[in-house]
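Engineer: Input: one structure, supplied below.
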Amino acid sequence: MEEKFKNIAKYNFWDEKTPELGFYRADYTDKIFSYTDNRLIKVLIGQRRTGKSYILRQLANKLIANGIDRKNILYVNKEYIDFDFIVNHTDLDNFVKFYKKQLNISGKVYLFIDEIQNIMGWEYFVNSYSQDFVDEYEIFISGSNSKMLSGELATLLSGRYVEFEIFPFGFSEYLGILQKDSNKQNFIEYMESGGLPELFNLQNDEIKRNYISAIKDTVFLRDIIQRHNVKEPKLLEDIFVFLVNNASNLVSITTIVNYFKSLGRKTTYDTVSAYIGYMENSFLIHKSERYDIRGKDTISGNSKYYINDLAYKNYLYRGFGYGIGYKLKNLVYLILKRAGFKVYTGVFRDKEVDFAALKDDKILYVQSTYLMIDEQTIEREYSPLESITDNYEKIVVSLDDVRFPQRNGIKHEQIWNFKL
């Protein structure tokens, strides 16, 4: 154990050398840090390679800057080979005890465990340590599956955790890492690239394409195919391609089944539904259900799907027709999600609103379009919002060079200035 302990020291903060922290993502770290100094388990979820590990290390570094002894912070990353000796919750328990003895730790310990789903029975460890009233622990964990805390585990932890979904870089972070100004041209460049953090360290499109392909393959293999014993990997990827190229369009499971049948490929409703669910759980795609604005309830049937990052479209599936307006809608959806909204496709009488976004007691209605080039387009975008009779905020977002004045209380925002 001593030799293994020496090997993992380089990933921790115990000496004066700080591990790599990456671009500082203040929106996440400030929010998560506001939940510290209690026994709540802090859970970071999100697709692989969106920066969860960096955010965990940034949080650890922030604790040190606020006076916490660096030796009282333990960082474990199950993606690194040096941590392969931790296979199950018993191994993790033994390792924590060894760490405390080896460094003669006293007082509260801060545990950071990255990609914790790779430790068998990890929930028993977290449940036990979070309730330990003899030795005090504060626990931060990350995982790449949205169902980590579902079902029995959620019951086991019984409200003693708070969850944060981590997305690829938003536009403001893109500007920050590249030190650019906020304007239309830079937004278009962001839209035509993507927000996965490692993209910004790669030199050309070919390398970026290979990187995005590798991420997709890793998520498919480790988070879906192996986890769920998927029998038809090729069908899984083809459904993903279909959803990428139909992002922001209303589709149904039946539509997808019929699409493949038209190509001579037989599949079933249950298979397609399950595969889409696996992709949702691994954060490759997001589902936007229809929402009855008048009845304040979701509508079963057709839904829209949005991809977690436009890099999949831009680098892997360029050959399919996919207009700028659709990319804009995908980015507006992600802006709303990053801001913590539950996002639906609004339905009011016979009209559709691109986004009905709900958070706490706040509701926001948003229309998104490429350019409002004529009166017909302006009428098409404003009319659905004008038909809604409540007094919640309503916004039209576009790539227009000018900002339009308010119309019947409806604001217009240029997409690069759209902030929540």
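Chain identifiers are assigned as A, B, and so on, following the order in which chains appear in the structure tokens; residues are numbered from 1 within each chain, and ligands are numbered from 1 in order of appearance.
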Name the residues in contact with Gly323 of chain A at a cut-off of 12 Å, using only C-alpha atoms, excluding same-chain residues fewer than 2 positions from it; report them as JSON, numbers by chain.
Structural biologist: {"A": [191, 192, 245, 246, 247, 248, 249, 313, 314, 318, 319, 320, 321, 325, 326, 327, 328, 329, 330, 369, 370, 371]}
Engineer: Give me, as a PyMOL selection string, all polymer residues having an atom no more than 7 Å from segment 393-398 of chain A, counting only C-alpha atoms and skipping those fewer than 5 positions away in the same chain.
Structural biologist: chain A and resi 364-371+385+410-415
Engineer: Grab the atom CA of Gln203 of chain A to atom CA of Gln179 of chain A distance for me, in Å with one decimal place.
Structural biologist: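 One can read the atom CA of Gln203 of chain A to atom CA of Gln179 of chain A distance as 17.0 Å.
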Engineer: Any chance you could list, as a list in words, the residues in segment 126-247 of chain A that come up strand (DSSP E or B) when DSSP is run on the backbone?
Structural biologist: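 Answer for segment 126-247 of chain A, restricted to strand (DSSP E or B): Tyr137, Glu138, Ile139, Phe140, Ile141, Ser142, Gly143, Tyr161, Val162, Glu163, Phe164 and Glu165 of chain A.
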Engineer: What's around Tyr291 of chain A at 8 Å? Count only C-alpha atoms, leave out sequence neighbours fewer than 6 positions away in its own chain, and write the answer as a list of chain:residue names.
Structural biologist: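 Counting only C-alpha atoms, the residues come to A:Asp297, A:Thr298, A:Ile299, A:Tyr344, A:Thr345, A:Gly346, A:Val347, A:Ala356.
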Engineer: Once you have the residues from the selection above, write them out as a short mmCIF file (atom, residue, chain, number, x, y, z; two decimals), in the first residue's frame, restricted to N, CA and C atoms.
Structural biologist:
```cif
data_model
loop_
_atom_site.label_atom_id
_atom_site.label_comp_id
_atom_site.auth_asym_id
_atom_site.auth_seq_id
_atom_site.Cartn_x
_atom_site.Cartn_y
_atom_site.Cartn_z
N ASP A 297 -48.59 21.34 -17.91
CA ASP A 297 -48.27 19.93 -17.81
C ASP A 297 -47.62 19.47 -19.10
N THR A 298 -46.84 18.39 -19.03
CA THR A 298 -46.18 17.86 -20.22
C THR A 298 -47.17 17.07 -21.07
N ILE A 299 -46.85 16.98 -22.37
CA ILE A 299 -47.70 16.29 -23.34
C ILE A 299 -46.92 15.09 -23.87
N TYR A 344 -38.55 22.87 -21.92
CA TYR A 344 -39.57 22.16 -22.69
C TYR A 344 -39.83 22.88 -24.01
N THR A 345 -40.54 22.20 -24.91
CA THR A 345 -41.09 22.82 -26.11
C THR A 345 -42.50 23.28 -25.77
N GLY A 346 -42.73 24.59 -25.79
CA GLY A 346 -44.02 25.13 -25.37
C GLY A 346 -45.11 24.94 -26.41
N VAL A 347 -46.31 24.63 -25.94
CA VAL A 347 -47.48 24.51 -26.80
C VAL A 347 -48.60 25.35 -26.21
N ALA A 356 -40.05 26.66 -23.45
CA ALA A 356 -40.70 27.08 -22.20
C ALA A 356 -39.78 26.60 -21.09
#
```
Engineer: Could you check how far atom CA of Ile119 of chain A sits from atom CA of Ala9 of chain A, in Å to one decimal?
Structural biologist: 19.7 Å
Engineer: Skipping near chain neighbours, those fewer than 4 positions away, what residues fall within 8 Å of Arg39 of chain A using only C-alpha atoms, listed as an MDAnalysis selection string?
Structural biologist: chainID A and resid 130:131 137:139 160
Engineer: Just the selected residues (N, CA and C atoms), exported as a JSON list (two decimals), in the first residue's frame, please.
Structural biologist:
```json
[["chain", "number", "residue", "atom", "x", "y", "z"],
["A", 130, "SER", "N", -20.68, 9.82, 4.81],
["A", 130, "SER", "CA", -21.44, 11.07, 4.93],
["A", 130, "SER", "C", -22.20, 11.14, 6.25],
["A", 131, "GLN", "N", -22.43, 9.99, 6.87],
["A", 131, "GLN", "CA", -23.17, 9.96, 8.13],
["A", 131, "GLN", "C", -22.27, 9.75, 9.34],
["A", 137, "TYR", "N", -16.42, 14.14, 7.60],
["A", 137, "TYR", "CA", -16.03, 14.15, 6.19],
["A", 137, "TYR", "C", -16.97, 15.04, 5.41],
["A", 138, "GLU", "N", -16.42, 15.67, 4.37],
["A", 138, "GLU", "CA", -17.24, 16.34, 3.37],
["A", 138, "GLU", "C", -16.88, 15.74, 2.02],
["A", 139, "ILE", "N", -17.89, 15.31, 1.27],
["A", 139, "ILE", "CA", -17.66, 14.46, 0.11],
["A", 139, "ILE", "C", -18.09, 15.16, -1.18],
["A", 160, "ARG", "N", -29.72, 13.78, 1.09],
["A", 160, "ARG", "CA", -28.47, 14.31, 1.67],
["A", 160, "ARG", "C", -27.43, 14.61, 0.61]]
```
Engineer: Please provide as a ChimeraX atom specification all residues within 12 Å of Tyr129 of chain A, with the sequence filter that same-chain residues fewer than 6 positions apart are discarded (counting only C-alpha atoms).
Structural biologist: /A:39-41,89,92-93,96-97,108-111,122-123,135-140,157,160
Engineer: With only C-alpha atoms as the atoms that count, which of A:Leu56, A:Gly121, A:Tyr161, A:Ile45 lies nearest to Glu20 of chain A?
Structural biologist: A:Leu56
Engineer: Write down as a count of residues only the residues of segment 78-215 of chain A whose backbone DSSP state falls under alpha helix (DSSP H).
Structural biologist: 56
Engineer: Leaving out Gly301 of chain A and any residue of its chain fewer than 5 positions from it, which residues lie within 10 Å of it when counting only C-alpha atoms, given as a PDB file with C-alpha atoms, in the first residue's frame?
Structural biologist:
```
ATOM      1  CA  LEU A 250     -40.163  17.064 -33.342  1.00  0.00           C
ATOM      2  CA  VAL A 251     -39.670  13.306 -33.606  1.00  0.00           C
ATOM      3  CA  SER A 252     -41.197  10.215 -32.041  1.00  0.00           C
ATOM      4  CA  ILE A 253     -39.829   6.747 -31.356  1.00  0.00           C
ATOM      5  CA  THR A 254     -42.220   5.439 -34.001  1.00  0.00           C
ATOM      6  CA  GLU A 289     -40.795  17.240 -24.017  1.00  0.00           C
ATOM      7  CA  ARG A 290     -43.766  19.286 -25.138  1.00  0.00           C
TER       8      ARG A 290
END
```
Engineer: Can you list, as a PyMOL selection string, every protein, DNA or RNA residue that comes within 9 Å of Tyr315 of chain A when you count only C-alpha atoms, leaving out same-chain residues fewer than 2 positions away?
Structural biologist: chain A and resi 193+205-206+208-210+212-213+310-313+317-318
Engineer: Go ahead and save the picked residues with C-alpha atoms, as a short mmCIF file (atom, residue, chain, number, x, y, z; two decimals), in the first residue's frame.
Structural biologist:
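File produced: selection_12.cif:
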```cif
data_model
loop_
_atom_site.label_atom_id
_atom_site.label_comp_id
_atom_site.auth_asym_id
_atom_site.auth_seq_id
_atom_site.Cartn_x
_atom_site.Cartn_y
_atom_site.Cartn_z
CA SER A 193 -16.64 24.53 -33.42
CA ASP A 205 -9.64 20.18 -37.71
CA GLU A 206 -8.33 16.69 -38.41
CA LYS A 208 -10.18 17.78 -33.48
CA ARG A 209 -12.28 15.37 -35.55
CA ASN A 210 -10.29 12.40 -34.26
CA ILE A 212 -14.40 14.12 -30.93
CA SER A 213 -14.73 10.68 -32.51
CA LEU A 310 -22.29 20.96 -31.48
CA ALA A 311 -18.82 19.47 -31.99
CA TYR A 312 -20.49 16.14 -32.82
CA LYS A 313 -22.30 17.82 -35.69
CA TYR A 317 -21.52 14.60 -39.41
CA ARG A 318 -20.98 17.64 -41.61
#
```
Engineer: Suppose you want the space between atom CA of Phe283 of chain A and atom CA of Asp270 of chain A; what is it in Å?
Structural biologist: 20.0 Å
Engineer: With distances taken over only C-alpha atoms, which of A:Ser142, A:Ser172, A:Thr155, A:Ser150 is nearest to Lys42 of chain A?
Structural biologist: A:Ser142
Engineer: Given only C-alpha atoms as the basis, pick out the residue of A:Gly295, A:Gly22, A:Gly107, A:Gly170 nearest to Phe133 of chain A.
Structural biologist: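 Selected residue with least distance to Phe133 of chain A: A:Gly107.
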